[in-house]
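So the structure is just underneath, and the comments pick up after that.
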Amino acid sequence: MVKNKFIYIPPPDKSISQRALIMAYLAEGKSEIKNISDCDDTKNLISCLKTLKTKIKRVKNKIIIKPPLSKEKNKSIKLNCRESATSMRLLAGALCGLKYKKIVLKAQKTLKRRNMKELVFYLKKMGADIKSQKGFFPPLKIYPADLQAAEIKQKEPSAQIKSAVLLASLSAKGETLFKEISRTRDHTEKLLRKFKAPLVYKKGYWKVKYKKLKAAKIEVPGDFSCAAYFLLACVLTKNSAIEIGNVCLNPLRLGFIQILKKMGADIKIKILRRDFELKGNIYAKYSKLKGVKISKKELINSIDEMPLIAAAAVFADGKTQIPLVKSLKNKESDRIASSLKLAKYLGAKAYIKKNILNIYGSNFIKGGFRGDFCPDHRIIMSAACIEHLCDKKIGIKNKKIAEKSYKNFFKDLSIFKKYLKKI
């Protein structure tokens with residue numbers, strides 16, 4: 001019997017915030033973004049856009065973006081993407097057709113190890129003059145080029161690569177056709193329409209023509225990927241319940257909910273507003289989970305929640321099978337290897353066979369390990385949100401890593417733990 005529930009409002013969506021910022025830079029006129037993400041990745045992207053002479057100011061709970069009237073294309077510009085692959089890929093797509101003298105997209109720490117081969121390959125196919133380091137690693141160097149429309153068939157599912165190509169298409173002569181191998185999150189497509197891009201989806205292809213975007217007003221919903229940590233924690237904790245408010249309910253982001261419901265979780269969603277994105281509430285309560293076979297589509301629609309899926313499998317009764325996709329190896333860590341290690345550290349029998357991660361539920365959740373065993377913000381937050389269910393504490397020294405995508409994660413987690421003491 002649930003006596004009370006945890007009321008939670010997630011921070012603004014990072015993926016939508018970053019995409020909206022770049023489109024505002026490309027657009028004519030002043031754009032407004034309300035409720036923008038304040039995580040490190042978004043703040044750093046704002047810094048990059050200011051380096052490009054974009055005027056950005058905060059007015060109460062929104063920011064106003066005014067792109068430069070004339071871009072100083074005779075200059076060489078260095079932009080530090082720090083550890084954000086989203087910023088690097090989207091900036092590469094947006095800038096490769098603007099004919100700056102030279103743009104260098106720099107990287108730090110984990111981003112230095114993230115492969116950009118597919119990005120470079122597709123942009124070059126459109127005529128971009130883009131160079132990477134040996135092995136297709138950052139930094140990336142972009143030189144002036146006349147882009148041409150191309151037909152591109154994606155080899156691996158990636159919303160970031162798709163977004164980069166669609167943004168580059170705005171500077172290319174002709175109509176670019178982009179075919180996804182599997183549907184991925186479509187925030188870019190929805191936002192492009194808000195910014196009046198000539199984008200259509202026909203016979204399996206996204207089609208977009210050369211076009212100057214128009215300024216728009218955007219209100220960013222809450223980030224489901226941030227909410228997912230507290231959603232799982234409540235589903236796994238006896239007598240607990242949660243209400244998540246003002247969250248993005250884009251179906252292509254809710255694979256984790258589909259997976260948890262398949263495992264037996266009591267979760268309901270309620271759509272309250274239909275804007276360019278669906279927004280609303282999620283309701284969930286403690287549930288006993290069972291092991292299941294997860295589909296590739298479900299995994300692709302929960303790509304950021306891979307460590308949480310592994311954690312849920314440890315608490316489930318029986319075996320869970322998770323199909324693996326190549327892009328998981330190219331995150332802040334090899335997220336296949338780190339999710340496997342997380343499951344084992346929690347006490348589960350886990351192994352990979354025939355490109356499937358097999359995890360057997362455990363009756364004894366060990367803990368007693370370093371949650372920051374790899375420098376991956378999503379691994380750290382996944383370990384932290386279930387620490388209260390472990391036999392021993394999980395040590396996390398470098399909590400600042402979480403600020404990459406969720407500035408106040410540990411503050412919100414401490415509020416959640418106070419709630420747990422009352423139930």
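Convention: chains lettered A, B, ... in structure tokens order; per-chain residue numbering from 1; ligands numbered from 1 as shown.
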
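All residues of protein, DNA or RNA that reach within 8 Å of Gly361 (chain A), judged by only C-alpha atoms and not counting those fewer than 5 positions away in the chain, are Gly291, Ala313, Val314, Phe315, Ala316, Asp317, Gly318, Lys319, Thr320, Ala348 and Lys349 of chain A.
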
Just the selected residues (C-alpha atoms), exported as a PDB file, in the first residue's frame, please.
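Contents of the output file selection19.pdb:
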```pdb
ATOM      1  CA  GLY A 291      13.652 -11.194 -16.877  1.00  0.00           C
ATOM      2  CA  ALA A 313      17.990  -6.871 -15.019  1.00  0.00           C
ATOM      3  CA  VAL A 314      20.026  -7.542 -11.856  1.00  0.00           C
ATOM      4  CA  PHE A 315      16.885  -7.035  -9.739  1.00  0.00           C
ATOM      5  CA  ALA A 316      14.620  -9.059 -12.048  1.00  0.00           C
ATOM      6  CA  ASP A 317      13.621 -12.695 -11.553  1.00  0.00           C
ATOM      7  CA  GLY A 318      15.273 -14.806 -14.262  1.00  0.00           C
ATOM      8  CA  LYS A 319      17.366 -13.978 -17.307  1.00  0.00           C
ATOM      9  CA  THR A 320      17.283 -10.753 -19.298  1.00  0.00           C
ATOM     10  CA  ALA A 348      24.682 -10.764 -11.087  1.00  0.00           C
ATOM     11  CA  LYS A 349      25.904 -13.496 -13.356  1.00  0.00           C
TER      12      LYS A 349
END
```

Any idea what's packed within 9 Å of Ser339 (chain A), counting only C-alpha atoms, ignoring anything in its chain fewer than 3 positions away? Could you give it as a PyMOL selection string?
chain A and resi 306-311+334-336+342-344+379

Same residues, C-alpha atoms, saved as a PDB file, in the first residue's frame:
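out.pdb written:
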```
ATOM      1  CA  MET A 306      21.552   1.129 -21.257  1.00  0.00           C
ATOM      2  CA  PRO A 307      23.216   1.082 -17.777  1.00  0.00           C
ATOM      3  CA  LEU A 308      19.775   1.357 -16.146  1.00  0.00           C
ATOM      4  CA  ILE A 309      18.499  -1.568 -18.206  1.00  0.00           C
ATOM      5  CA  ALA A 310      21.448  -3.627 -16.972  1.00  0.00           C
ATOM      6  CA  ALA A 311      20.731  -2.562 -13.385  1.00  0.00           C
ATOM      7  CA  ASP A 334      32.394   1.459 -24.047  1.00  0.00           C
ATOM      8  CA  ARG A 335      28.912   1.305 -22.576  1.00  0.00           C
ATOM      9  CA  ILE A 336      28.523  -2.385 -23.402  1.00  0.00           C
ATOM     10  CA  LEU A 342      28.096  -2.764 -13.472  1.00  0.00           C
ATOM     11  CA  ALA A 343      25.843  -5.857 -13.495  1.00  0.00           C
ATOM     12  CA  LYS A 344      28.690  -8.041 -12.226  1.00  0.00           C
ATOM     13  CA  ILE A 379      27.183   4.707 -15.315  1.00  0.00           C
TER      14      ILE A 379
END
```

Sorted per-residue table, region 9-33 of chain A near region 186-192 of chain A, closest atoms and distance, 10 Å, only C-alpha atoms, as CSV:
```
residue,atom,partner,partner_atom,distance
A:Ser15,CA,A:His187,CA,7.6
A:Ile16,CA,A:His187,CA,6.2
A:Ser17,CA,A:His187,CA,9.8
A:Gln18,CA,A:Thr188,CA,9.8
A:Arg19,CA,A:Thr188,CA,6.4
A:Ala20,CA,A:Leu191,CA,6.8
A:Met23,CA,A:Leu192,CA,7.5
```

Which neighbours of region 96-110 of chain A fall inside 9 Å, counting only C-alpha atoms, when residues of the same chain fewer than 4 positions from it are skipped, and could you give them as a VMD selection string?
chain A and resid 71 to 85 88 91 to 92 114 123 127 to 130 138 to 147 168 to 172 331 to 333 375 to 376

Could those residues be written to a file, using C-alpha atoms, as an mmCIF file, in the first residue's frame?
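After the write, again_30.cif holds the following:
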```
data_model
loop_
_atom_site.group_PDB
_atom_site.id
_atom_site.type_symbol
_atom_site.label_atom_id
_atom_site.label_comp_id
_atom_site.auth_asym_id
_atom_site.auth_seq_id
_atom_site.Cartn_x
_atom_site.Cartn_y
_atom_site.Cartn_z
ATOM 1 C CA LYS A 71 29.507 35.760 -40.176
ATOM 2 C CA GLU A 72 33.225 36.641 -40.161
ATOM 3 C CA LYS A 73 34.198 33.949 -42.613
ATOM 4 C CA ASN A 74 37.714 35.241 -43.190
ATOM 5 C CA LYS A 75 38.661 34.138 -39.698
ATOM 6 C CA SER A 76 39.952 30.854 -38.318
ATOM 7 C CA ILE A 77 37.916 29.806 -35.302
ATOM 8 C CA LYS A 78 38.568 27.230 -32.595
ATOM 9 C CA LEU A 79 35.566 25.796 -30.754
ATOM 10 C CA ASN A 80 36.109 23.603 -27.705
ATOM 11 C CA CYS A 81 33.398 20.945 -27.558
ATOM 12 C CA ARG A 82 34.991 19.592 -24.367
ATOM 13 C CA GLU A 83 33.296 16.201 -23.801
ATOM 14 C CA SER A 84 30.102 16.676 -25.806
ATOM 15 C CA ALA A 85 29.847 14.451 -28.897
ATOM 16 C CA MET A 88 30.799 18.263 -32.045
ATOM 17 C CA LEU A 91 28.332 21.845 -35.069
ATOM 18 C CA ALA A 92 30.204 19.944 -37.776
ATOM 19 C CA ARG A 114 35.108 8.893 -29.634
ATOM 20 C CA LEU A 123 29.672 14.990 -44.671
ATOM 21 C CA GLY A 127 31.249 17.739 -50.469
ATOM 22 C CA ALA A 128 32.440 18.944 -47.071
ATOM 23 C CA ASP A 129 36.173 19.552 -46.598
ATOM 24 C CA ILE A 130 36.501 18.001 -43.154
ATOM 25 C CA PRO A 138 38.907 14.526 -32.818
ATOM 26 C CA PRO A 139 39.840 17.266 -33.250
ATOM 27 C CA LEU A 140 37.987 17.952 -36.495
ATOM 28 C CA LYS A 141 39.104 20.616 -38.964
ATOM 29 C CA ILE A 142 36.619 22.151 -41.392
ATOM 30 C CA TYR A 143 37.546 24.235 -44.468
ATOM 31 C CA PRO A 144 35.370 26.135 -46.989
ATOM 32 C CA ALA A 145 33.406 23.953 -49.408
ATOM 33 C CA ASP A 146 30.330 24.038 -51.652
ATOM 34 C CA LEU A 147 27.990 21.344 -50.384
ATOM 35 C CA ALA A 168 24.389 20.239 -43.387
ATOM 36 C CA SER A 169 21.591 19.805 -45.961
ATOM 37 C CA LEU A 170 20.390 23.331 -45.196
ATOM 38 C CA SER A 171 23.578 24.617 -46.886
ATOM 39 C CA ALA A 172 23.651 22.118 -49.768
ATOM 40 C CA LYS A 331 29.968 6.647 -25.855
ATOM 41 C CA GLU A 332 31.778 8.283 -22.911
ATOM 42 C CA SER A 333 32.857 4.723 -22.206
ATOM 43 C CA PRO A 375 34.422 8.231 -16.366
ATOM 44 C CA ASP A 376 30.885 7.832 -17.745
#
```

Could you find all residues in region 263-350 of chain A that DSSP calls alpha helix (DSSP H) from the backbone, and write them as a ChimeraX atom specification?
/A:296-300,306-315,335-345
